[in-house]
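Just below is one structure, and these are the notes that go with it.
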Amino acid sequence: MTTLQIKGEVIVPDRSTPPSQSVSRWSDKGIIAHPALVVVPESEEDIKAAINYAQSTGLQVLPAGGGHGSFVPIGSKTLYMNMKQFNQVSVNSTAHTITVAGGVLTGQVIKAVTEKGFYTTWTNSNAVGFIGGILGGGNPTLAGIHGMQIDQVLSVRLVTGEGKALEVSPSSMGDELALFNAICGAGHGFGVITSLTLKIFPISNLHLAEEGVWVRRLIFPPPALETAATVFEKLQPLSPESTAALVFARAPPTAPKPGAPMVILTVTYYGPATDAESAFPILFDKAVTSKTIVAVTAPTQLAKLNDALAHFDVKGDRKDIQSAALSKVVPETITTAFQKWLVFTEQYADAKRTTLVLSSYSKDKNMEISQSPEGKARYFDNRDRGFNVLIFSWSSTDSTEAASNEFSKEIKALYRSGSLTSELPRTLLNNIAPDTKADELFTENQAKELKRLVGVWDPTCLFWRPLI
Ligand SMILES: Cc1cc2nc3c(=O)[nH]c(=O)nc-3n(C[C@H](O)[C@H](O)[C@H](O)COP(=O)(O)OP(=O)(O)OC[C@H]3O[C@@H](n4cnc5c(N)ncnc54)[C@H](O)[C@@H]3O)c2cc1C
């Protein structure tokens, strides 16, 4: 009989308990069951031993970081490799780089770089695994200035399916270079990433006010929906320093009117506050602010920006994130989507926390990157889309989980039909759903090349991967 002996922990799940007792996941959706085994490696040697064990027992290896991948299935054939002991972050202030180990969470990276006066690109959740976010493209808060998270990656260290430790970077050759590029955008299932090095930037480059990043928030009641949608439209096109988000959410239990539907418009400006104020006079226009419940300017330190979204990081319940990348959005689509969201969250009492987010940013930097050899080599083709509609569903029962999935599909179709009719459906790999097709992410040639690379780097399909 094959045995697994490593320095780290090996846990055999107790099947009489719920799966959440053996794997701590952001969402307890129906695709989560007990794995065969949970392994917590402490070194590359441990990873190699676990890979050998999985090869000889027919298990599939799933390296896990923050556990936030809502699209990741876990079952009786899974060897769940919890990377939490790979938790080091090392900032090099001279070379302007950061090296992040395989199990580090986003919040840890933000703390480490900002403490030294730097920033890099990151997702908007402190609890998302930093590596996991990058493997699916990594749509960061600073996309308008820097492009995607994959565009900041300088090198990757990983253990392959053959148990070989390897460092790949843009200066690698042949299939090692091809592997580096695949990891940048189509990154799941090519190995266990033990660390990744990427670019960092001095915060002083942003010329922020002492109070931090400029944030302006307007909260509208439902009767002012059209005003909110029109303001969102008038903000476009955004400059590289700014992002805008129009959110449909219900007031939390602690609010004066718990459960009341709200339309929240947030504009963030990663630059001097005076520039922001002169760029967005519409956000101070009396004709607009008179229709709001709240209109505030709330500058926030860069390191603290994600804190406002911490309530989305709670683990458990049936949660999901799906999205559609779009070139264009018209106010009529926004108002129709609101009505659908209102009806859905009224009909399903356990889905009231379901939230719709329509975000936009300048696509100029991404378009510039798409013309460069690096941009062409990496696996991310949504660079011409400056809008993203995201359906964040949250319920607690099987039946509502199924209804939520239908609702997400409907909202994606609605926004896509209101966008350019000739436009191909595009999705971020980090937000894929059961109905997502490979051609929403990859061209025919990219899909062919990815299949070839799976043959080279994981011929026995030891690792779980989506779509390819
Ligand atoms: C609240 C919330 C906010 C989010 N915000 C954003 C956002 O702003 N931008 C964005 O782009 N995405 C965002 N996402 C999506 C998120 O980036 C993806 O779900 C990502 O896959 C989560 O990574 P994880 O490590 O937390 O999850 P996990 O489920 O642990 O891992 C996800 C995938 O990455 C692989 N993986 C993780 N670590 C490693 C490793 N060390 N080696 C090899 N493979 C590894 C896993 O095998 C799995 O396939 C958000 C998700 C949530 C829930």
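Chains: A, B, ... in order of the structure tokens. Residues: from 1 per chain. Ligands: from 1, in order shown.
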### Task
List all protein, DNA and RNA residues that have at least one atom no more than 7 Å from any atom of ligand 1, counting only C-alpha atoms and all ligand atoms, and write them as a ChimeraX atom specification.
/A:26,62-70,72,83,102-103,123-125,127-141,188-189,191-194,312-313,321,430-431,464-465
Would you put the residues from that selection into a file with N, CA and C atoms, as a compact mmCIF listing (two decimals), in the first residue's frame?
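Dumped everything to part-v2.txt:
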# COMPACT_ATOMS: atom_id res chain seq x y z
N TRP A 26 -14.66 29.61 0.54
CA TRP A 26 -15.47 30.83 0.55
C TRP A 26 -16.93 30.50 0.33
N LEU A 62 -5.29 19.42 -6.22
CA LEU A 62 -5.82 20.78 -6.28
C LEU A 62 -5.05 21.64 -5.27
N PRO A 63 -4.07 22.45 -5.75
CA PRO A 63 -3.40 23.36 -4.82
C PRO A 63 -4.40 24.46 -4.46
N ALA A 64 -4.49 24.82 -3.18
CA ALA A 64 -5.47 25.84 -2.78
C ALA A 64 -4.78 26.96 -2.02
N GLY A 65 -5.19 28.20 -2.34
CA GLY A 65 -4.64 29.38 -1.67
C GLY A 65 -5.64 29.94 -0.68
N GLY A 66 -6.43 30.92 -1.14
CA GLY A 66 -7.42 31.55 -0.24
C GLY A 66 -8.73 30.80 -0.18
N GLY A 67 -8.92 29.79 -1.04
CA GLY A 67 -10.18 29.03 -1.05
C GLY A 67 -11.35 29.83 -1.60
N HIS A 68 -11.07 30.93 -2.34
CA HIS A 68 -12.14 31.79 -2.85
C HIS A 68 -12.60 31.45 -4.27
N GLY A 69 -12.00 30.45 -4.89
CA GLY A 69 -12.39 30.09 -6.26
C GLY A 69 -13.76 29.45 -6.26
N SER A 70 -14.79 30.21 -6.62
CA SER A 70 -16.17 29.69 -6.53
C SER A 70 -16.45 28.68 -7.62
N VAL A 72 -14.35 26.16 -8.43
CA VAL A 72 -13.46 25.00 -8.24
C VAL A 72 -14.22 23.84 -7.58
N MET A 83 -2.07 25.37 0.75
CA MET A 83 -0.74 25.98 0.66
C MET A 83 -0.46 26.97 1.80
N GLY A 102 3.32 30.70 -2.30
CA GLY A 102 2.14 30.11 -2.92
C GLY A 102 0.84 30.18 -2.15
N GLY A 103 0.88 30.41 -0.83
CA GLY A 103 -0.37 30.41 -0.06
C GLY A 103 -0.72 31.76 0.55
N THR A 123 -6.37 42.25 -6.20
CA THR A 123 -7.83 42.11 -6.29
C THR A 123 -8.46 42.89 -5.13
N ASN A 124 -9.79 43.05 -5.19
CA ASN A 124 -10.42 43.89 -4.17
C ASN A 124 -10.84 43.15 -2.91
N SER A 125 -10.30 41.93 -2.71
CA SER A 125 -10.61 41.19 -1.48
C SER A 125 -9.31 40.79 -0.78
N ALA A 127 -8.96 38.58 1.36
CA ALA A 127 -8.94 37.15 1.66
C ALA A 127 -8.71 36.27 0.44
N VAL A 128 -8.69 36.87 -0.75
CA VAL A 128 -8.42 36.09 -1.97
C VAL A 128 -6.94 35.68 -1.97
N GLY A 129 -6.68 34.44 -2.36
CA GLY A 129 -5.29 33.98 -2.49
C GLY A 129 -4.61 34.82 -3.56
N PHE A 130 -3.42 35.35 -3.25
CA PHE A 130 -2.75 36.25 -4.20
C PHE A 130 -2.41 35.51 -5.49
N ILE A 131 -1.91 34.29 -5.34
CA ILE A 131 -1.53 33.51 -6.54
C ILE A 131 -2.79 33.09 -7.30
N GLY A 132 -3.80 32.60 -6.56
CA GLY A 132 -5.06 32.17 -7.20
C GLY A 132 -5.64 33.30 -8.05
N GLY A 133 -5.64 34.52 -7.53
CA GLY A 133 -6.18 35.67 -8.27
C GLY A 133 -5.42 35.89 -9.57
N ILE A 134 -4.12 35.77 -9.52
CA ILE A 134 -3.30 36.02 -10.72
C ILE A 134 -3.52 34.93 -11.78
N LEU A 135 -3.67 33.68 -11.31
CA LEU A 135 -3.80 32.58 -12.27
C LEU A 135 -5.03 32.76 -13.17
N GLY A 136 -6.04 33.44 -12.66
CA GLY A 136 -7.26 33.65 -13.45
C GLY A 136 -7.28 35.03 -14.09
N GLY A 137 -6.14 35.63 -14.33
CA GLY A 137 -6.06 36.93 -15.01
C GLY A 137 -5.76 38.05 -14.05
N GLY A 138 -6.48 38.06 -12.91
CA GLY A 138 -6.24 39.10 -11.91
C GLY A 138 -6.66 40.47 -12.39
N ASN A 139 -7.97 40.75 -12.24
CA ASN A 139 -8.48 42.07 -12.63
C ASN A 139 -8.35 42.98 -11.42
N PRO A 140 -7.35 43.86 -11.42
CA PRO A 140 -7.07 44.59 -10.19
C PRO A 140 -7.76 45.94 -10.12
N THR A 141 -7.71 46.54 -8.94
CA THR A 141 -8.29 47.86 -8.75
C THR A 141 -7.53 48.92 -9.55
N HIS A 188 -4.40 27.84 -14.28
CA HIS A 188 -4.73 26.71 -13.40
C HIS A 188 -4.23 25.39 -13.96
N GLY A 189 -3.69 24.55 -13.08
CA GLY A 189 -3.43 23.17 -13.46
C GLY A 189 -2.12 22.92 -14.18
N GLY A 191 0.84 23.14 -12.34
CA GLY A 191 1.80 22.79 -11.30
C GLY A 191 1.41 23.45 -10.00
N VAL A 192 2.23 23.22 -8.98
CA VAL A 192 2.00 23.88 -7.68
C VAL A 192 2.95 25.07 -7.63
N ILE A 193 2.39 26.27 -7.59
CA ILE A 193 3.24 27.46 -7.57
C ILE A 193 3.70 27.71 -6.15
N THR A 194 5.02 27.69 -5.96
CA THR A 194 5.54 27.89 -4.61
C THR A 194 5.86 29.35 -4.35
N PHE A 312 -17.87 40.75 2.24
CA PHE A 312 -18.01 39.74 1.17
C PHE A 312 -17.08 38.54 1.40
N ASP A 313 -16.17 38.65 2.36
CA ASP A 313 -15.17 37.60 2.55
C ASP A 313 -15.62 36.47 3.49
N ILE A 321 -19.67 33.89 -8.02
CA ILE A 321 -19.38 35.13 -8.75
C ILE A 321 -19.30 34.79 -10.23
N ASN A 430 -11.26 34.22 -13.72
CA ASN A 430 -11.55 34.18 -12.28
C ASN A 430 -13.04 34.09 -11.97
N ASN A 431 -13.89 34.37 -12.96
CA ASN A 431 -15.34 34.42 -12.71
C ASN A 431 -16.11 33.44 -13.59
N TRP A 464 -6.15 19.55 -11.35
CA TRP A 464 -7.46 20.01 -11.82
C TRP A 464 -7.26 21.29 -12.63
N ARG A 465 -7.99 21.42 -13.72
CA ARG A 465 -7.98 22.69 -14.46
C ARG A 465 -9.33 22.87 -15.14
### Message
When DSSP is applied to the backbone of this structure, which of stretch 205-383 of chain A are assigned alpha helix (DSSP H)? Write them out as a PyMOL selection string.
### Response
chain A and resi 225-234+273-279+286-289+331-347+364-371+373-377
### Message
For a quick check of understanding, using only C-alpha atoms, which of A:Val159, A:Leu196, A:Leu265, A:Ala433 has the smallest distance to A:Phe220?
### Response
A:Leu265
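Neighbouring residues of stretch 341-355 of chain A at 9 Å or closer, counting only C-alpha atoms and skipping chain neighbours under 4 positions away, are Val247, Phe248, Ala249, Arg250, Ala251, Pro252, Gly259, Pro261, Lys319, Thr336, Ala337, Leu390, Ile391, Phe392, Ser393, Trp394, Ser395, Ser396, Thr397, Thr400, Glu401, Ala403, Ser404, Phe407 and Ile411 of chain A.
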Please produce a file of those selected residues containing C-alpha atoms, as an mmCIF file, in the first residue's frame.
data_model
loop_
_atom_site.group_PDB
_atom_site.id
_atom_site.type_symbol
_atom_site.label_atom_id
_atom_site.label_comp_id
_atom_site.auth_asym_id
_atom_site.auth_seq_id
_atom_site.Cartn_x
_atom_site.Cartn_y
_atom_site.Cartn_z
ATOM 1 C CA VAL A 247 -23.775 48.591 -7.223
ATOM 2 C CA PHE A 248 -27.265 47.233 -6.512
ATOM 3 C CA ALA A 249 -27.396 45.990 -2.920
ATOM 4 C CA ARG A 250 -29.789 45.827 0.007
ATOM 5 C CA ALA A 251 -29.113 47.709 3.243
ATOM 6 C CA PRO A 252 -27.482 45.561 5.978
ATOM 7 C CA GLY A 259 -33.094 45.212 3.478
ATOM 8 C CA PRO A 261 -32.708 48.363 -1.982
ATOM 9 C CA LYS A 319 -22.116 31.993 -3.012
ATOM 10 C CA THR A 336 -33.807 46.725 -16.634
ATOM 11 C CA ALA A 337 -31.130 44.853 -14.665
ATOM 12 C CA LEU A 390 -20.483 41.030 -11.977
ATOM 13 C CA ILE A 391 -23.227 38.994 -10.357
ATOM 14 C CA PHE A 392 -22.359 38.129 -6.806
ATOM 15 C CA SER A 393 -25.015 35.644 -5.696
ATOM 16 C CA TRP A 394 -25.451 34.650 -2.090
ATOM 17 C CA SER A 395 -28.077 32.222 -0.796
ATOM 18 C CA SER A 396 -28.332 29.339 1.634
ATOM 19 C CA THR A 397 -30.425 26.558 0.065
ATOM 20 C CA THR A 400 -32.067 29.050 -4.409
ATOM 21 C CA GLU A 401 -28.546 28.109 -5.549
ATOM 22 C CA ALA A 403 -32.302 29.843 -9.181
ATOM 23 C CA SER A 404 -29.276 32.093 -8.544
ATOM 24 C CA PHE A 407 -30.443 34.653 -12.533
ATOM 25 C CA ILE A 411 -28.136 39.157 -16.216
#
### Message
If DSSP is run on the backbone, what residues of stretch 84-217 of chain A are strand (DSSP E)? A reply as a PyMOL selection string would be ideal.
### Response
chain A and resi 89-92+97-101+118-119+153-159+165-168+192-199+201-202+214-217
### Task
Skip stretch 284-289 of chain A itself and residues of its chain fewer than 6 positions away, then list as a ChimeraX atom specification all residues within 8 Å of it, counting only C-alpha atoms.
/A:218,227,295
### Query
Can you list, as a ChimeraX atom specification, every protein, DNA or RNA residue that comes within 7 Å of stretch 357-363 of chain A when you count only C-alpha atoms, leaving out same-chain residues fewer than 2 positions away?
/A:144,237-240,242-248,355,365-367,383-391
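Counting only C-alpha atoms and comparing A:Ser408, A:Gln236, A:Ser327, A:Ser93, the residue that lies closest to A:Lys340 is A:Ser408.
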### Non-local contacts of stretch 108-120 of chain A (7 Å; only C-alpha atoms; under 6 positions in same chain excluded) as a PyMOL selection string
chain A and resi 89+91+199-203+303
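Summary of the local environment: counting only C-alpha atoms, residues at most 9 Å from A:Gln55, other than itself and those fewer than 3 positions away along its chain, are Ala50, Ile51, Asn52, Gly58, Leu59, Gln60, Gly161, Thr460 and Leu462 of chain A.
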## Note on the structure
For A:Ala298, the closest of A:Gln322, A:Thr266, A:Ser278, A:Ser204 counting only C-alpha atoms is A:Thr266
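Of the listed residues (A:Ala273, A:Cys461, A:Leu206, A:Met148), A:Met148 comes nearest to A:Leu428; the distances count only C-alpha atoms.
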### Query
In Å to one decimal, how far is atom CA of A:Glu440 from atom CA of A:Thr427?
5.7 Å
### Nearest to A:Ala325, chosen from A:Arg416, A:Leu305, A:Val267, A:Ala377, with only C-alpha atoms counted in the distances
A:Arg416
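Of the residues under consideration (A:Glu368, A:Pro19, A:Thr97, A:Val39), A:Pro19 shows the shortest atom-to-atom contact distance to A:Ser76 when counting only C-alpha atoms.
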### Query
atom CA of A:Trp122 and atom CA of A:Gln85 are how many Å apart?
21.0 Å
